[in-house]
>>> print(open('structure20.cif').read())   # mmCIF, C-alpha atoms
data_structure
#
loop_
_atom_site.label_atom_id
_atom_site.label_comp_id
_atom_site.auth_asym_id
_atom_site.auth_seq_id
_atom_site.Cartn_x
_atom_site.Cartn_y
_atom_site.Cartn_z
CA ALA J 1 -20.49 22.21 -3.38
CA ALA J 2 -19.82 22.63 0.31
CA SER J 3 -22.69 21.89 2.65
CA VAL J 4 -21.66 24.48 5.24
CA SER J 5 -21.36 28.24 5.18
CA PRO J 6 -18.01 29.62 6.34
CA GLY J 7 -17.77 32.24 9.03
CA ASN J 8 -19.58 32.75 12.31
CA GLU J 9 -22.38 30.39 11.32
CA ALA J 10 -19.90 27.52 11.40
CA LEU J 11 -19.14 28.05 15.08
CA ALA J 12 -22.02 25.93 16.24
CA THR J 13 -23.67 26.68 19.54
CA GLY J 14 -23.79 24.03 22.20
CA LEU J 15 -20.22 22.82 21.75
CA PRO J 16 -18.43 21.56 24.85
CA GLU J 17 -15.94 23.88 26.52
CA LYS J 18 -12.96 24.18 24.22
CA PRO J 19 -9.53 22.97 25.34
CA ASP J 20 -7.27 25.35 27.22
CA ILE J 21 -4.47 25.49 24.67
CA ASP J 22 -2.20 27.94 22.88
CA ILE J 23 -3.90 28.29 19.49
CA ASN J 24 -0.62 29.65 18.06
CA SER J 25 1.33 26.53 19.01
CA TRP J 26 3.43 24.82 16.32
CA GLU J 27 1.17 21.77 15.95
CA LEU J 28 -1.78 23.98 14.96
CA ILE J 29 -0.11 25.81 12.08
CA LEU J 30 -2.72 26.34 9.37
CA CYS J 31 -2.09 25.63 5.73
CA ASN J 32 -4.75 25.26 3.03
CA SER J 33 -5.93 26.64 -0.33
CA PHE J 34 -6.65 30.03 1.24
CA ASN J 35 -3.91 30.26 3.89
CA SER J 36 -0.25 30.02 2.89
CA ILE J 37 2.70 29.20 5.13
CA VAL J 38 5.01 30.44 2.34
CA GLU J 39 8.50 28.90 2.73
CA TYR J 40 7.91 27.25 6.10
CA TYR J 41 10.29 24.47 7.17
CA PRO J 42 10.01 22.27 10.29
CA GLU J 43 12.81 22.97 12.78
CA THR J 44 14.06 19.38 12.63
CA THR J 45 12.80 16.35 10.76
CA ALA J 46 13.24 12.68 11.59
CA SER J 47 13.01 9.58 9.44
CA ILE J 48 10.00 7.40 10.22
CA GLU J 49 10.06 4.71 7.53
CA GLY J 50 11.01 4.06 3.92
CA GLY J 51 12.94 7.30 3.59
CA GLN J 52 9.96 9.36 4.69
CA ASN J 53 10.58 12.22 7.10
CA ILE J 54 8.31 14.11 9.48
CA ASP J 55 8.65 16.90 12.05
CA GLU J 56 10.82 15.35 14.74
CA ARG J 57 8.28 16.27 17.44
CA VAL J 58 5.68 14.08 15.71
CA ALA J 59 7.86 11.08 14.92
CA GLU J 60 6.94 9.04 18.01
CA PRO J 61 3.12 9.28 17.68
CA ALA J 62 3.37 8.80 13.90
CA ILE J 63 5.33 5.58 14.28
CA ALA J 64 2.95 4.41 17.00
CA PHE J 65 -0.07 5.10 14.75
CA LEU J 66 1.49 3.16 11.87
CA GLN J 67 2.47 0.23 14.10
CA ALA J 68 -0.97 0.09 15.72
CA ALA J 69 -2.56 -0.31 12.29
CA ARG J 70 -0.17 -3.16 11.54
CA ASP J 71 -0.84 -4.74 14.92
CA ALA J 72 -4.54 -4.61 14.03
CA GLY J 73 -3.75 -6.82 11.03
CA PHE J 74 -3.48 -4.29 8.23
CA SER J 75 -0.85 -4.06 5.52
CA VAL J 76 -0.09 -0.37 5.61
CA TRP J 77 2.70 1.93 4.48
CA ILE J 78 3.41 5.65 4.32
CA SER J 79 3.08 7.02 0.80
CA THR J 80 3.75 10.68 1.61
CA ALA J 81 5.02 12.53 4.68
CA HIS J 82 7.12 15.71 4.73
CA ARG J 83 7.63 17.53 1.43
CA ASN J 84 9.72 20.69 1.50
CA TYR J 85 8.87 23.95 -0.24
CA GLU J 86 11.10 23.29 -3.23
CA TYR J 87 9.60 19.85 -3.83
CA CYS J 88 6.05 21.21 -3.62
CA ASP J 89 6.97 24.03 -5.97
CA ASN J 90 8.49 21.68 -8.55
CA MET J 91 5.55 19.29 -8.40
CA TYR J 92 3.03 22.10 -8.81
CA ARG J 93 4.90 23.69 -11.72
CA SER J 94 5.00 20.32 -13.47
CA TYR J 95 1.29 19.76 -12.82
CA LEU J 96 0.42 23.25 -14.05
CA ALA J 97 2.41 22.68 -17.23
CA ASN J 98 0.45 19.48 -17.89
CA VAL J 99 -2.95 20.97 -17.06
CA GLY J 100 -2.32 24.28 -18.76
CA ASP J 101 -4.95 26.19 -16.79
CA PRO J 102 -4.02 27.86 -13.45
CA VAL J 103 -7.60 27.61 -12.15
CA LEU J 104 -7.86 23.90 -12.93
CA ALA J 105 -4.39 23.33 -11.51
CA ALA J 106 -5.33 25.03 -8.24
CA GLU J 107 -8.42 22.84 -8.00
CA GLY J 108 -6.40 19.69 -8.60
CA MET J 109 -3.23 20.17 -6.56
CA LEU J 110 -2.05 22.22 -3.60
CA GLY J 111 0.93 24.34 -4.49
CA PRO J 112 3.95 25.44 -2.43
CA GLY J 113 2.93 27.16 0.79
CA LEU J 114 -0.53 25.61 0.53
CA ASN J 115 0.43 21.93 0.67
CA GLU J 116 0.11 20.64 4.23
CA HIS J 117 2.88 18.10 3.73
CA GLN J 118 5.22 21.08 3.89
CA THR J 119 4.45 21.43 7.62
CA GLY J 120 5.96 18.03 8.42
CA LEU J 121 2.84 17.23 10.44
CA SER J 122 0.91 15.15 7.91
CA ILE J 123 0.99 11.57 6.66
CA ASP J 124 -0.73 9.87 3.76
CA PHE J 125 -1.23 6.15 4.34
CA THR J 126 -1.58 3.47 1.69
CA ASP J 127 -2.31 -0.25 1.59
CA ILE J 128 -0.34 -0.71 -1.63
CA ALA J 129 3.34 -1.40 -1.06
CA ASP J 130 4.34 -0.04 -4.48
CA TYR J 131 2.92 3.34 -3.47
CA SER J 132 5.52 3.72 -0.74
CA ALA J 133 8.76 5.09 -2.14
CA TRP J 134 11.37 7.80 -1.82
CA PHE J 135 9.72 11.10 -2.69
CA ALA J 136 7.42 9.55 -5.27
CA GLU J 137 4.05 11.22 -5.72
CA PHE J 138 1.63 8.32 -5.52
CA ASP J 139 -2.08 8.75 -4.98
CA ASP J 140 -4.29 5.93 -3.75
CA PRO J 141 -7.90 7.03 -4.41
CA TYR J 142 -9.29 3.56 -3.75
CA ILE J 143 -8.15 3.45 -0.14
CA LYS J 144 -11.26 5.36 0.93
CA ASP J 145 -13.32 2.22 0.37
CA SER J 146 -11.02 0.04 2.46
CA GLU J 147 -11.22 -1.36 5.97
CA LEU J 148 -7.82 0.21 6.60
CA TYR J 149 -9.15 3.70 5.89
CA ARG J 150 -12.05 3.16 8.27
CA TRP J 151 -9.71 1.87 10.97
CA LEU J 152 -7.35 4.84 10.58
CA ALA J 153 -10.24 7.32 10.78
CA GLU J 154 -11.64 5.59 13.87
CA HIS J 155 -8.35 5.39 15.79
CA CYS J 156 -6.39 8.45 14.63
CA THR J 157 -7.27 10.60 17.63
CA GLU J 158 -5.60 8.09 19.98
CA TYR J 159 -2.30 9.20 18.46
CA GLY J 160 -3.09 12.91 18.13
CA PHE J 161 -4.11 12.86 14.47
CA ILE J 162 -7.23 13.99 12.63
CA LEU J 163 -8.65 13.17 9.22
CA ARG J 164 -7.67 16.52 7.78
CA TYR J 165 -10.11 17.04 4.91
CA PRO J 166 -13.59 15.80 5.93
CA GLU J 167 -16.27 15.96 3.26
CA GLY J 168 -18.68 18.84 3.59
CA LYS J 169 -16.05 21.25 4.93
CA GLU J 170 -14.62 22.34 1.58
CA ALA J 171 -15.71 25.94 2.17
CA TYR J 172 -13.06 26.11 4.88
CA TYR J 173 -10.09 24.33 3.34
CA GLY J 174 -10.70 24.54 -0.43
CA THR J 175 -8.72 21.91 -2.34
CA PRO J 176 -8.02 18.75 -0.31
CA CYS J 177 -4.94 16.60 -0.51
CA ARG J 178 -5.25 14.32 -3.55
CA HIS J 179 -4.76 11.28 -1.31
CA PRO J 180 -7.90 10.56 0.81
CA ALA J 181 -6.03 8.91 3.71
CA HIS J 182 -4.40 12.17 4.74
CA PHE J 183 -3.98 12.55 8.49
CA ARG J 184 -2.66 15.58 10.33
CA TYR J 185 -1.11 15.77 13.80
CA VAL J 186 -2.66 18.30 16.19
CA GLY J 187 -2.14 16.60 19.58
CA LYS J 188 -4.47 14.21 21.39
CA GLU J 189 -6.66 16.71 23.23
CA VAL J 190 -7.30 18.81 20.14
CA ALA J 191 -7.76 15.75 17.91
CA GLU J 192 -10.42 14.31 20.21
CA TYR J 193 -12.27 17.62 20.39
CA ILE J 194 -12.22 18.20 16.63
CA THR J 195 -13.32 14.68 15.77
CA SER J 196 -15.98 14.26 18.44
CA ASN J 197 -17.58 17.59 17.49
CA ASN J 198 -17.42 17.04 13.72
CA LEU J 199 -15.19 20.05 13.11
CA CYS J 200 -12.39 20.66 10.67
CA LEU J 201 -9.13 22.28 11.75
CA GLU J 202 -10.21 25.67 10.42
CA GLU J 203 -13.43 25.66 12.45
CA PHE J 204 -11.51 24.68 15.57
CA ILE J 205 -9.02 27.52 15.19
CA MET J 206 -11.87 29.96 14.58
CA LEU J 207 -13.32 29.08 17.97
CA TYR J 208 -10.31 30.88 19.45
CA ASP J 209 -9.54 33.59 16.93
CA GLU J 210 -11.38 34.05 13.63
CA SER J 211 -8.65 36.36 12.34
CA LEU J 212 -6.27 33.39 12.12
CA VAL J 213 -8.32 31.81 9.32
CA TYR J 214 -8.76 33.63 6.03
CA LEU J 215 -11.91 32.58 4.15
CA PRO J 216 -12.78 33.83 0.68
CA LYS J 217 -16.06 35.69 0.45
CA PRO J 218 -18.92 33.51 -0.90
#
>>> encode(input="structure20.cif", output="structure tokens")
Amino acid sequence: AASVSPGNEALATGLPEKPDIDINSWELILCNSFNSIVEYYPETTASIEGGQNIDERVAEPAIAFLQAARDAGFSVWISTAHRNYEYCDNMYRSYLANVGDPVLAAEGMLGPGLNEHQTGLSIDFTDIADYSAWFAEFDDPYIKDSELYRWLAEHCTEYGFILRYPEGKEAYYGTPCRHPAHFRYVGKEVAEYITSNNLCLEEFIMLYDESLVYLPKP
């Protein structure tokens, strides 16, 4: 169960002055269990490594983030980056067929329009080389207990990324990505504000305009 209550109560008092940004800018597009981007496609994608693509505007910081982890001594690869609408749709249909229950399927996997990898702004990292492959759906649940995961979480803001699905914020985003080491690009200034104030992306957006975030009634 989530440890926070969604809505106005989440917009904690005493926060520092929020950044002067355009909350409707491309890098802040919202996608989660409750907010669909339907058939969104990045304008242009670029290859970053191992056949993985990402929104071209994020390629440079993504590569820098990956290389910094390697420079710090870690064996790290990208297991998942951009996934287009059709891929997400096919994966979800297959998962639903195996699970057999739409409710259980929705709790276990993000479908098309709801899967943040569709934005081209997210990366899942892994420390297992075999989990890095062309459009293979590999999950690495054990990475959360690794030094690599802790390093990525500690340094992500330096490259404009956030840990997208922090524990305790499920009331805002619903079903998380199945891979724990899921990082989302939002830009350095926003990333630092979100992380230093223990917010999730939804809470941050709501500081500017609550109407941009749909939350199901408790």
>>> resolve_selection(input="structure20.cif", expression="the PyMOL selection byres ((chain J and resi 113) around 8)", output="PDB file with C-alpha atoms, in the coordinates of the input")
ATOM      1  CA  CYS J  31      -2.090  25.630   5.730  1.00  0.00           C
ATOM      2  CA  SER J  36      -0.250  30.020   2.890  1.00  0.00           C
ATOM      3  CA  ILE J  37       2.700  29.200   5.130  1.00  0.00           C
ATOM      4  CA  VAL J  38       5.010  30.440   2.340  1.00  0.00           C
ATOM      5  CA  GLU J  39       8.500  28.900   2.730  1.00  0.00           C
ATOM      6  CA  TYR J  40       7.910  27.250   6.100  1.00  0.00           C
ATOM      7  CA  TYR J  85       8.870  23.950  -0.240  1.00  0.00           C
ATOM      8  CA  GLY J 111       0.930  24.340  -4.490  1.00  0.00           C
ATOM      9  CA  PRO J 112       3.950  25.440  -2.430  1.00  0.00           C
ATOM     10  CA  LEU J 114      -0.530  25.610   0.530  1.00  0.00           C
ATOM     11  CA  ASN J 115       0.430  21.930   0.670  1.00  0.00           C
ATOM     12  CA  GLU J 116       0.110  20.640   4.230  1.00  0.00           C
ATOM     13  CA  GLN J 118       5.220  21.080   3.890  1.00  0.00           C
TER      14      GLN J 118
END
>>> resolve_selection(input="structure20.cif", expression="the PyMOL selection byres ((chain J and resi 161-170) around 6)", output="list in words")
Ala2, Ser3, Cys156, Thr157, Tyr159, Gly160, Ala171, Tyr172, Tyr173, Gly174, Pro176, Phe183, Arg184, Tyr185, Val186 and Ala191 of chain J
>>> closest_residue(input="structure20.cif", among="J:Ala129, J:Ile143, J:Ile123, J:Gly187", to="Pro19 (chain J)", atoms="only C-alpha atoms")
J:Gly187
>>> closest_residue(input="structure20.cif", among="J:Val99, J:Ala64, J:Leu110, J:Ala59", to="Arg83 (chain J)", atoms="only C-alpha atoms")
J:Leu110
>>> residues_around(input="structure20.cif", residues="Tyr142 (chain J)", least_positions_apart="3", cutoff="10 Å", atoms="all atoms listed in the file", output="PDB file with C-alpha atoms, keeping the file's coordinate frame")
ATOM      1  CA  THR J 126      -1.580   3.470   1.690  1.00  0.00           C
ATOM      2  CA  ASP J 127      -2.310  -0.250   1.590  1.00  0.00           C
ATOM      3  CA  ASP J 139      -2.080   8.750  -4.980  1.00  0.00           C
ATOM      4  CA  ASP J 145     -13.320   2.220   0.370  1.00  0.00           C
ATOM      5  CA  SER J 146     -11.020   0.040   2.460  1.00  0.00           C
ATOM      6  CA  TYR J 149      -9.150   3.700   5.890  1.00  0.00           C
ATOM      7  CA  HIS J 179      -4.760  11.280  -1.310  1.00  0.00           C
ATOM      8  CA  PRO J 180      -7.900  10.560   0.810  1.00  0.00           C
ATOM      9  CA  ALA J 181      -6.030   8.910   3.710  1.00  0.00           C
TER      10      ALA J 181
END
>>> closest_residue(input="structure20.cif", among="J:Pro216, J:Ile63, J:Thr119, J:Tyr95", to="Trp26 (chain J)", atoms="only C-alpha atoms")
J:Thr119
>>> build_atoms(input="structure20.cif", residues="region 105-116 of chain J", atoms="all heavy atoms", output="CSV table (one decimal), in the coordinates of the input")
chain,number,residue,atom,x,y,z
J,105,ALA,N,-5.5,23.8,-12.3
J,105,ALA,CA,-4.4,23.3,-11.5
J,105,ALA,C,-4.6,23.5,-10.0
J,105,ALA,O,-4.3,22.7,-9.2
J,105,ALA,CB,-3.1,24.0,-12.0
J,106,ALA,N,-5.1,24.7,-9.6
J,106,ALA,CA,-5.3,25.0,-8.2
J,106,ALA,C,-6.4,24.1,-7.6
J,106,ALA,O,-6.4,23.9,-6.4
J,106,ALA,CB,-5.7,26.5,-8.1
J,107,GLU,N,-7.4,23.7,-8.5
J,107,GLU,CA,-8.4,22.8,-8.0
J,107,GLU,C,-8.0,21.4,-7.9
J,107,GLU,O,-8.6,20.6,-7.2
J,107,GLU,CB,-9.6,22.9,-8.9
J,107,GLU,CG,-10.3,24.3,-8.9
J,107,GLU,CD,-11.4,24.4,-9.9
J,107,GLU,OE1,-11.5,23.5,-10.8
J,107,GLU,OE2,-12.2,25.4,-9.9
J,108,GLY,N,-6.9,21.1,-8.6
J,108,GLY,CA,-6.4,19.7,-8.6
J,108,GLY,C,-5.2,19.4,-7.7
J,108,GLY,O,-5.0,18.2,-7.4
J,109,MET,N,-4.4,20.4,-7.4
J,109,MET,CA,-3.2,20.2,-6.6
J,109,MET,C,-2.9,21.4,-5.7
J,109,MET,O,-3.1,22.5,-6.2
J,109,MET,CB,-2.0,19.8,-7.4
J,109,MET,CG,-0.7,19.6,-6.7
J,109,MET,SD,0.7,19.3,-7.7
J,109,MET,CE,0.4,17.5,-8.1
J,110,LEU,N,-2.5,21.1,-4.5
J,110,LEU,CA,-2.0,22.2,-3.6
J,110,LEU,C,-0.6,22.6,-3.9
J,110,LEU,O,0.3,21.8,-3.9
J,110,LEU,CB,-2.2,21.8,-2.1
J,110,LEU,CG,-3.6,21.6,-1.7
J,110,LEU,CD1,-3.7,20.7,-0.4
J,110,LEU,CD2,-4.3,22.9,-1.4
J,111,GLY,N,-0.4,23.9,-4.1
J,111,GLY,CA,0.9,24.3,-4.5
J,111,GLY,C,1.8,24.6,-3.3
J,111,GLY,O,1.4,24.4,-2.1
J,112,PRO,N,3.0,25.1,-3.5
J,112,PRO,CA,4.0,25.4,-2.4
J,112,PRO,C,3.3,26.5,-1.5
J,112,PRO,O,2.7,27.4,-1.9
J,112,PRO,CB,5.2,26.0,-3.2
J,112,PRO,CG,4.6,26.5,-4.5
J,112,PRO,CD,3.5,25.5,-4.8
J,113,GLY,N,3.5,26.3,-0.2
J,113,GLY,CA,2.9,27.2,0.8
J,113,GLY,C,1.5,26.8,1.2
J,113,GLY,O,1.0,27.2,2.2
J,114,LEU,N,0.9,26.0,0.3
J,114,LEU,CA,-0.5,25.6,0.5
J,114,LEU,C,-0.6,24.1,0.8
J,114,LEU,O,-1.7,23.7,1.3
J,114,LEU,CB,-1.4,26.0,-0.7
J,114,LEU,CG,-1.3,27.4,-1.3
J,114,LEU,CD1,-2.2,27.5,-2.5
J,114,LEU,CD2,-1.6,28.4,-0.2
J,115,ASN,N,0.4,23.4,0.5
J,115,ASN,CA,0.4,21.9,0.7
J,115,ASN,C,0.8,21.6,2.1
J,115,ASN,O,1.9,21.9,2.6
J,115,ASN,CB,1.4,21.3,-0.3
J,115,ASN,CG,1.4,19.8,-0.4
J,115,ASN,OD1,1.1,19.2,0.6
J,115,ASN,ND2,1.6,19.3,-1.5
J,116,GLU,N,-0.1,20.9,2.8
J,116,GLU,CA,0.1,20.6,4.2
J,116,GLU,C,1.3,19.7,4.5
J,116,GLU,O,1.8,19.7,5.6
J,116,GLU,CB,-1.2,20.1,4.9
J,116,GLU,CG,-1.1,20.2,6.4
J,116,GLU,CD,-2.4,19.7,7.0
J,116,GLU,OE1,-2.7,18.5,6.9
J,116,GLU,OE2,-3.1,20.5,7.6
